[in-house]
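S.K.: Next comes the structure file structure30.cif, holding mmCIF, C-alpha atoms.
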```cif
data_query
loop_
_atom_site.label_atom_id
_atom_site.label_comp_id
_atom_site.auth_asym_id
_atom_site.auth_seq_id
_atom_site.Cartn_x
_atom_site.Cartn_y
_atom_site.Cartn_z
CA MET A 108 137.04 -26.44 8.52
CA ALA A 109 135.81 -24.35 5.58
CA ASN A 110 133.37 -21.53 6.27
CA TRP A 111 130.47 -22.15 3.88
CA SER A 112 129.13 -18.64 4.46
CA GLU A 113 132.26 -17.18 2.84
CA LEU A 114 131.89 -18.93 -0.50
CA PRO A 115 131.99 -16.49 -3.46
CA ILE A 116 128.63 -15.47 -4.93
CA ASP A 117 129.36 -17.11 -8.30
CA ILE A 118 130.08 -20.47 -6.61
CA LEU A 119 126.90 -20.20 -4.55
CA ASP A 120 125.03 -19.43 -7.75
CA LEU A 121 126.30 -22.65 -9.34
CA ILE A 122 125.32 -24.68 -6.26
CA HIS A 123 121.92 -23.00 -6.27
CA GLY A 124 121.21 -24.22 -9.80
CA LYS A 125 121.88 -27.88 -8.89
CA LEU A 126 119.42 -28.13 -6.01
CA SER A 127 116.00 -29.75 -5.88
CA ILE A 128 113.12 -27.28 -5.84
CA PRO A 129 112.48 -27.53 -2.03
CA ASP A 130 116.19 -27.03 -1.28
CA TYR A 131 116.31 -24.26 -3.88
CA ILE A 132 113.63 -22.39 -1.94
CA ARG A 133 115.26 -23.05 1.48
CA PHE A 134 118.65 -21.90 0.20
CA GLY A 135 118.20 -18.26 1.24
CA ALA A 136 117.49 -19.13 4.90
CA VAL A 137 120.98 -20.53 5.59
CA CYS A 138 122.80 -17.23 6.21
CA LYS A 139 123.07 -13.63 4.95
CA GLN A 140 125.56 -14.49 2.21
CA TRP A 141 123.41 -17.32 0.86
CA ASN A 142 120.32 -15.12 1.07
CA LEU A 143 122.13 -12.50 -1.03
CA ALA A 144 122.88 -15.14 -3.67
CA PHE A 145 119.23 -16.21 -3.59
CA LYS A 146 118.06 -12.64 -4.25
CA LEU A 147 120.30 -12.03 -7.24
CA LYS A 148 118.19 -11.00 -10.21
CA TYR A 149 119.97 -13.24 -12.71
CA ARG A 150 120.61 -16.30 -10.58
CA CYS A 151 120.58 -19.83 -11.97
CA PRO A 152 117.16 -21.50 -12.21
CA PRO A 153 116.72 -24.94 -10.62
CA LYS A 154 117.75 -27.99 -12.60
CA PRO A 155 115.04 -29.74 -14.68
CA GLN A 156 113.03 -32.13 -12.54
CA SER A 157 109.55 -33.53 -12.00
CA PRO A 158 106.76 -30.97 -12.53
CA TRP A 159 105.23 -28.84 -9.79
CA MET A 160 101.64 -27.66 -10.08
CA MET A 161 100.88 -24.11 -8.92
CA LEU A 162 97.67 -24.09 -6.86
CA PRO A 163 95.23 -21.20 -6.38
CA GLY A 164 95.53 -19.25 -3.16
CA LYS A 165 94.45 -16.06 -1.40
CA SER A 166 97.82 -14.65 -0.34
CA ASN A 167 99.39 -11.72 -2.20
CA THR A 168 102.91 -12.57 -1.07
CA THR A 169 103.10 -16.38 -1.18
CA ALA A 170 101.94 -19.25 -3.37
CA LYS A 171 101.49 -22.97 -2.92
CA PHE A 172 102.59 -25.80 -5.17
CA PHE A 173 101.86 -29.50 -5.45
CA SER A 174 104.87 -31.74 -6.08
CA ILE A 175 103.93 -34.75 -8.20
CA ALA A 176 107.10 -36.64 -7.24
CA ASP A 177 106.66 -36.05 -3.48
CA ASN A 178 102.83 -36.16 -3.54
CA LYS A 179 102.99 -33.15 -1.25
CA VAL A 180 101.71 -29.57 -1.16
CA TYR A 181 104.30 -26.90 -0.38
CA HIS A 182 102.90 -23.74 1.22
CA GLN A 183 104.31 -20.25 1.76
CA ILE A 184 106.46 -20.14 -1.37
CA PRO A 185 107.44 -16.47 -1.96
CA CYS A 186 105.62 -14.94 -4.94
CA PRO A 187 107.50 -12.89 -7.53
CA LYS A 188 106.86 -9.15 -7.66
CA PRO A 189 104.80 -7.53 -9.01
CA MET A 190 102.24 -9.92 -7.54
CA ILE A 191 100.82 -12.53 -9.91
CA ARG A 192 97.86 -13.78 -7.85
CA ARG A 193 95.32 -11.74 -9.83
CA ARG A 194 96.72 -12.72 -13.23
CA ILE A 195 95.37 -15.56 -15.31
CA CYS A 196 97.68 -18.26 -16.62
CA ILE A 197 97.16 -19.33 -20.25
CA GLY A 198 100.07 -21.79 -20.50
CA SER A 199 103.25 -23.11 -18.93
CA SER A 200 106.43 -24.85 -20.08
CA HIS A 201 110.12 -25.06 -19.18
CA GLY A 202 109.32 -23.86 -15.64
CA TRP A 203 107.73 -20.60 -16.86
CA LEU A 204 104.12 -19.40 -16.75
CA ILE A 205 102.50 -17.34 -19.52
CA THR A 206 100.34 -14.84 -17.66
CA VAL A 207 97.88 -12.04 -18.43
CA ASP A 208 97.11 -9.23 -15.98
CA GLU A 209 93.93 -7.20 -15.53
CA SER A 210 95.02 -4.75 -18.25
CA SER A 211 95.68 -7.64 -20.67
CA ASN A 212 99.45 -7.18 -20.45
CA MET A 213 101.23 -10.47 -21.05
CA HIS A 214 104.38 -11.66 -19.26
CA LEU A 215 106.45 -14.80 -19.01
CA VAL A 216 106.97 -15.47 -15.29
CA ASN A 217 109.24 -17.89 -13.49
CA PRO A 218 107.39 -18.40 -10.17
CA LEU A 219 110.52 -19.68 -8.38
CA THR A 220 113.18 -17.20 -9.47
CA GLY A 221 110.80 -14.24 -9.83
CA ALA A 222 112.15 -13.45 -13.32
CA GLN A 223 109.65 -11.86 -15.70
CA PHE A 224 109.78 -11.19 -19.45
CA PRO A 225 107.22 -8.94 -21.17
CA LEU A 226 105.47 -10.13 -24.33
CA PRO A 227 104.20 -7.82 -27.11
CA PRO A 228 101.05 -5.78 -26.38
CA VAL A 229 97.74 -7.41 -27.26
CA THR A 230 96.86 -4.22 -29.14
CA THR A 231 99.30 -5.37 -31.85
CA LEU A 232 96.80 -8.12 -32.70
CA PRO A 233 94.56 -7.12 -35.62
CA PHE A 234 91.30 -7.71 -33.75
CA VAL A 235 92.20 -5.58 -30.69
CA GLU A 236 92.04 -1.80 -30.31
CA ALA A 237 92.92 0.17 -27.18
CA VAL A 238 90.57 2.76 -25.66
CA HIS A 239 92.26 5.59 -23.73
CA ASP A 240 90.91 8.47 -21.67
CA SER A 241 91.90 12.13 -22.10
CA GLN A 242 95.05 11.53 -20.01
CA GLY A 243 96.21 8.59 -22.12
CA ARG A 244 95.28 5.90 -19.61
CA LEU A 245 93.91 2.58 -20.87
CA THR A 246 90.21 2.33 -20.06
CA GLY A 247 89.09 -0.56 -22.20
CA LEU A 248 89.56 -2.68 -25.29
CA ILE A 249 87.64 -3.07 -28.51
CA LEU A 250 87.61 -6.71 -29.59
CA ASN A 251 86.35 -7.55 -33.05
CA ARG A 252 84.83 -4.04 -33.19
CA GLU A 253 82.94 -4.57 -29.93
CA ARG A 254 83.98 -2.70 -26.79
CA ARG A 255 84.79 -4.74 -23.69
CA GLU A 256 85.06 -3.04 -20.30
CA ASP A 257 85.18 -6.28 -18.30
CA GLY A 258 88.73 -7.65 -18.26
CA THR A 259 87.55 -11.17 -17.43
CA ASP A 260 85.21 -11.19 -20.41
CA ALA A 261 88.00 -9.91 -22.67
CA HIS A 262 90.37 -12.59 -21.43
CA ARG A 263 87.86 -15.34 -22.17
CA ILE A 264 87.55 -14.14 -25.76
CA MET A 265 91.17 -13.24 -26.46
CA PHE A 266 93.22 -15.97 -24.79
CA HIS A 267 92.73 -19.73 -24.95
CA LYS A 268 96.20 -21.28 -24.69
CA ALA A 269 99.85 -20.35 -25.21
CA ILE A 270 103.01 -22.45 -25.37
CA LEU A 271 106.70 -21.57 -25.13
CA SER A 272 109.42 -23.15 -27.29
CA ALA A 273 112.32 -22.59 -24.85
CA ALA A 274 113.06 -20.95 -21.50
CA PRO A 275 113.98 -17.25 -21.83
CA ASP A 276 116.98 -17.71 -19.54
CA GLN A 277 118.60 -20.30 -21.83
CA GLY A 278 119.91 -17.54 -24.09
CA SER A 279 119.02 -19.32 -27.36
CA GLY A 280 115.87 -17.32 -28.14
CA PHE A 281 112.28 -18.49 -27.89
CA VAL A 282 108.91 -18.34 -29.61
CA VAL A 283 105.48 -18.10 -27.99
CA MET A 284 102.55 -19.42 -30.01
CA MET A 285 99.02 -18.91 -28.76
CA ILE A 286 95.45 -19.72 -29.67
CA CYS A 287 93.52 -16.48 -29.52
CA ASN A 288 90.35 -14.62 -30.45
CA ILE A 289 86.79 -15.92 -30.71
CA TRP A 290 87.86 -17.75 -33.89
CA ARG A 291 90.59 -19.63 -31.95
CA ALA A 292 93.20 -18.61 -34.47
CA LEU A 293 97.00 -18.67 -34.13
CA ALA A 294 99.45 -15.88 -33.38
CA PHE A 295 103.14 -16.01 -32.47
CA ALA A 296 105.91 -13.77 -31.20
CA ARG A 297 109.67 -14.24 -30.95
CA ALA A 298 111.82 -13.01 -28.08
CA GLU A 299 112.85 -9.82 -29.89
CA ASP A 300 109.45 -9.05 -31.45
CA LYS A 301 107.55 -5.89 -30.59
CA ALA A 302 104.30 -7.17 -32.09
CA TRP A 303 102.34 -10.40 -32.50
CA THR A 304 102.17 -12.01 -35.93
CA TYR A 305 98.65 -13.23 -36.69
CA ILE A 306 98.46 -16.35 -38.89
CA ASP A 307 95.81 -16.48 -41.60
CA THR A 308 94.22 -19.94 -41.74
CA PRO A 309 90.63 -21.18 -42.14
CA ASP A 310 90.99 -23.54 -39.17
CA SER A 311 89.94 -23.05 -35.56
CA PHE A 312 92.29 -24.70 -33.08
CA THR A 313 91.67 -26.59 -29.87
CA ASP A 314 95.26 -27.27 -28.73
CA VAL A 315 98.91 -26.45 -29.41
CA ILE A 316 102.15 -28.02 -28.12
CA TYR A 317 105.86 -27.71 -28.91
CA TYR A 318 108.10 -30.69 -29.62
CA ARG A 319 111.58 -30.95 -31.17
CA GLY A 320 111.65 -27.70 -33.05
CA LYS A 321 108.03 -27.67 -34.25
CA PHE A 322 104.68 -26.45 -32.97
CA TYR A 323 101.89 -29.00 -33.33
CA THR A 324 98.24 -28.00 -33.45
CA ILE A 325 94.90 -29.81 -33.44
CA SER A 326 91.94 -28.17 -35.14
CA TYR A 327 88.25 -28.67 -34.37
CA LEU A 328 88.03 -30.69 -37.59
CA GLY A 329 90.64 -33.18 -36.37
CA THR A 330 93.49 -31.82 -38.50
CA VAL A 331 96.97 -32.16 -36.99
CA GLY A 332 99.37 -29.46 -38.13
CA ALA A 333 103.16 -29.28 -37.72
CA TRP A 334 104.38 -25.67 -37.95
CA GLU A 335 108.02 -25.01 -38.85
CA PRO A 336 109.94 -21.71 -38.92
CA HIS A 337 109.85 -20.25 -42.44
CA GLY A 338 111.50 -16.85 -42.76
CA LEU A 339 109.61 -14.41 -40.54
CA SER A 340 106.61 -16.71 -40.20
CA PHE A 341 105.72 -20.37 -39.72
CA LYS A 342 104.95 -22.81 -42.51
CA PRO A 343 102.33 -25.51 -41.85
CA ARG A 344 102.66 -29.15 -42.79
CA ARG A 345 99.38 -30.91 -42.19
CA ARG A 346 97.93 -34.38 -42.26
CA VAL A 347 94.24 -35.14 -41.82
CA THR A 348 93.29 -37.51 -39.01
CA ARG A 349 90.12 -38.85 -37.48
CA LEU A 350 90.61 -36.93 -34.26
CA HIS A 351 87.24 -35.22 -34.75
CA HIS A 352 85.64 -38.40 -33.37
CA VAL A 353 87.58 -37.89 -30.14
CA LEU A 354 87.21 -34.11 -29.99
CA GLY A 355 83.53 -34.07 -30.79
CA GLY A 356 83.92 -32.12 -34.03
CA VAL A 357 81.71 -32.56 -37.06
CA PRO A 358 83.43 -33.16 -40.43
CA GLY A 359 82.91 -30.29 -42.83
CA ARG A 360 81.95 -27.81 -40.10
CA GLN A 361 83.80 -25.70 -37.57
CA PRO A 362 82.90 -22.96 -35.07
CA ASN A 363 82.50 -19.42 -36.40
CA ALA A 364 83.29 -20.53 -39.95
CA GLY A 365 81.25 -17.68 -41.40
CA LEU A 366 83.28 -14.90 -39.78
CA GLN A 367 85.84 -13.03 -41.83
CA ARG A 368 89.38 -13.19 -40.46
CA PRO A 369 92.23 -10.72 -40.88
CA GLY A 370 95.18 -11.91 -42.96
CA VAL A 371 98.78 -12.27 -41.86
CA ARG A 372 99.93 -8.84 -40.73
CA ARG A 373 102.32 -7.28 -38.22
CA TYR A 374 101.10 -4.38 -36.16
CA GLY A 375 103.14 -1.94 -34.11
CA ALA A 376 106.56 -3.35 -35.09
#
```
Reformat the file's structure so that it appears as structure tokens.

M.R.:
Amino acid sequence: MANWSELPIDILDLIHGKLSIPDYIRFGAVCKQWNLAFKLKYRCPPKPQSPWMMLPGKSNTTAKFFSIADNKVYHQIPCPKPMIRRRICIGSSHGWLITVDESSNMHLVNPLTGAQFPLPPVTTLPFVEAVHDSQGRLTGLILNRERREDGTDAHRIMFHKAILSAAPDQGSGFVVMMICNIWRALAFARAEDKAWTYIDTPDSFTDVIYYRGKFYTISYLGTVGAWEPHGLSFKPRRRVTRLHHVLGGVPGRQPNAGLQRPGVRRYGA
């Protein structure tokens, strides 16, 4: 009879990637060799399957998830390090969370594999300035020329939603587009970017999704926009709808319309 504990790591890695999420998590408890495969930094993620919802909790080391398919809550799921409990989540797709920590650093996080991918600093956005002490440590942020010491307050103003075009571990590159700032404007960053690109548009946006190679947005005026890659930026193709009746918008008006916005610029690249 074959000794399953002696299977090569690369074979175990392939098996690992075919499992359901509960079996994926239990995999490391079988034996030492399987636990080693589970702890590999670049192991295969689980196969695509029905969504899990990450639920709030108080533990620093574990998380809990609700499985829609099983109609069941799974407790004591190991959390990736560094701990993500105190981060806020501004979006999720392809099994990854888009998170922001207390210092407004942004990371893509896979809560099952523990993999993390840093996103460009928020200080590369044109409406954000960093405040440092005499030793170079970050002590606060200036948003729209107004200093914010409270991280929660800054998060509420800066981040509204972000969406990911592809999983970072697929190797084909990805783009993150987010709705940000008090104006609810758009900014995006590619996998290799060192800075966010801020998009100059008169609209304020309420939602953004990604579908078949395009980002789709809905503005407060009910305008649906399809954004396609165009050189180093994104080119909009819009069509006007009557979605303002659903969203509660008022034709001809939008929030913060009188504020002056920065144009399309790259900072810190």

S.K.: Env of A:Ile270: 6 Å cut, atoms = only C-alpha atoms, seq-sep filter 6 positions within chain, self excluded. Answer as a PyMOL selection string.

M.R.: chain A and resi 198+283-284

S.K.: So which one's closest to A:His182, A:Lys165, A:His267, A:Arg344, A:Lys125? Using all atoms listed in the file, please.

M.R.: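 Checking each of A:Lys165, A:His267, A:Arg344, A:Lys125 against A:His182, counting all atoms listed in the file, the winner is A:Lys165.
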
S.K.: Can you tell me how far atom CA of A:Asp310 sits from atom CA of A:Ser326, in Å to one decimal?

M.R.: 6.2 Å

S.K.: Nearest to A:Glu113 among A:Trp141, A:Ser340, A:Ala294, A:Leu126, with distances taken over only C-alpha atoms: which residue is it?

M.R.: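 Comparing A:Trp141, A:Ser340, A:Ala294, A:Leu126 against A:Glu113, the winner is A:Trp141.
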
S.K.: Could you write out as a PDB file with C-alpha atoms, keeping the file's coordinate frame the residues that the PyMOL selection byres ((chain A and resi 268) around 12) matches in the shown file?

M.R.:
```pdb
ATOM      1  CA  ILE A 195      95.370 -15.560 -15.310  1.00  0.00           C
ATOM      2  CA  CYS A 196      97.680 -18.260 -16.620  1.00  0.00           C
ATOM      3  CA  ILE A 197      97.160 -19.330 -20.250  1.00  0.00           C
ATOM      4  CA  GLY A 198     100.070 -21.790 -20.500  1.00  0.00           C
ATOM      5  CA  SER A 199     103.250 -23.110 -18.930  1.00  0.00           C
ATOM      6  CA  SER A 200     106.430 -24.850 -20.080  1.00  0.00           C
ATOM      7  CA  LEU A 204     104.120 -19.400 -16.750  1.00  0.00           C
ATOM      8  CA  ILE A 205     102.500 -17.340 -19.520  1.00  0.00           C
ATOM      9  CA  THR A 206     100.340 -14.840 -17.660  1.00  0.00           C
ATOM     10  CA  VAL A 207      97.880 -12.040 -18.430  1.00  0.00           C
ATOM     11  CA  HIS A 262      90.370 -12.590 -21.430  1.00  0.00           C
ATOM     12  CA  ARG A 263      87.860 -15.340 -22.170  1.00  0.00           C
ATOM     13  CA  ILE A 264      87.550 -14.140 -25.760  1.00  0.00           C
ATOM     14  CA  MET A 265      91.170 -13.240 -26.460  1.00  0.00           C
ATOM     15  CA  PHE A 266      93.220 -15.970 -24.790  1.00  0.00           C
ATOM     16  CA  HIS A 267      92.730 -19.730 -24.950  1.00  0.00           C
ATOM     17  CA  ALA A 269      99.850 -20.350 -25.210  1.00  0.00           C
ATOM     18  CA  ILE A 270     103.010 -22.450 -25.370  1.00  0.00           C
ATOM     19  CA  LEU A 271     106.700 -21.570 -25.130  1.00  0.00           C
ATOM     20  CA  VAL A 283     105.480 -18.100 -27.990  1.00  0.00           C
ATOM     21  CA  MET A 284     102.550 -19.420 -30.010  1.00  0.00           C
ATOM     22  CA  MET A 285      99.020 -18.910 -28.760  1.00  0.00           C
ATOM     23  CA  ILE A 286      95.450 -19.720 -29.670  1.00  0.00           C
ATOM     24  CA  CYS A 287      93.520 -16.480 -29.520  1.00  0.00           C
ATOM     25  CA  ASN A 288      90.350 -14.620 -30.450  1.00  0.00           C
ATOM     26  CA  ARG A 291      90.590 -19.630 -31.950  1.00  0.00           C
ATOM     27  CA  ALA A 292      93.200 -18.610 -34.470  1.00  0.00           C
ATOM     28  CA  LEU A 293      97.000 -18.670 -34.130  1.00  0.00           C
ATOM     29  CA  ALA A 294      99.450 -15.880 -33.380  1.00  0.00           C
ATOM     30  CA  PHE A 295     103.140 -16.010 -32.470  1.00  0.00           C
ATOM     31  CA  PHE A 312      92.290 -24.700 -33.080  1.00  0.00           C
ATOM     32  CA  THR A 313      91.670 -26.590 -29.870  1.00  0.00           C
ATOM     33  CA  ASP A 314      95.260 -27.270 -28.730  1.00  0.00           C
ATOM     34  CA  VAL A 315      98.910 -26.450 -29.410  1.00  0.00           C
ATOM     35  CA  ILE A 316     102.150 -28.020 -28.120  1.00  0.00           C
ATOM     36  CA  THR A 324      98.240 -28.000 -33.450  1.00  0.00           C
TER      37      THR A 324
END
```

S.K.: Selection in question (the file shown): the PyMOL selection byres ((chain A and resi 214) around 9). Which residues does it include, as a ChimeraX atom specification?

M.R.: /A:204-208,212-213,215-216,223-227
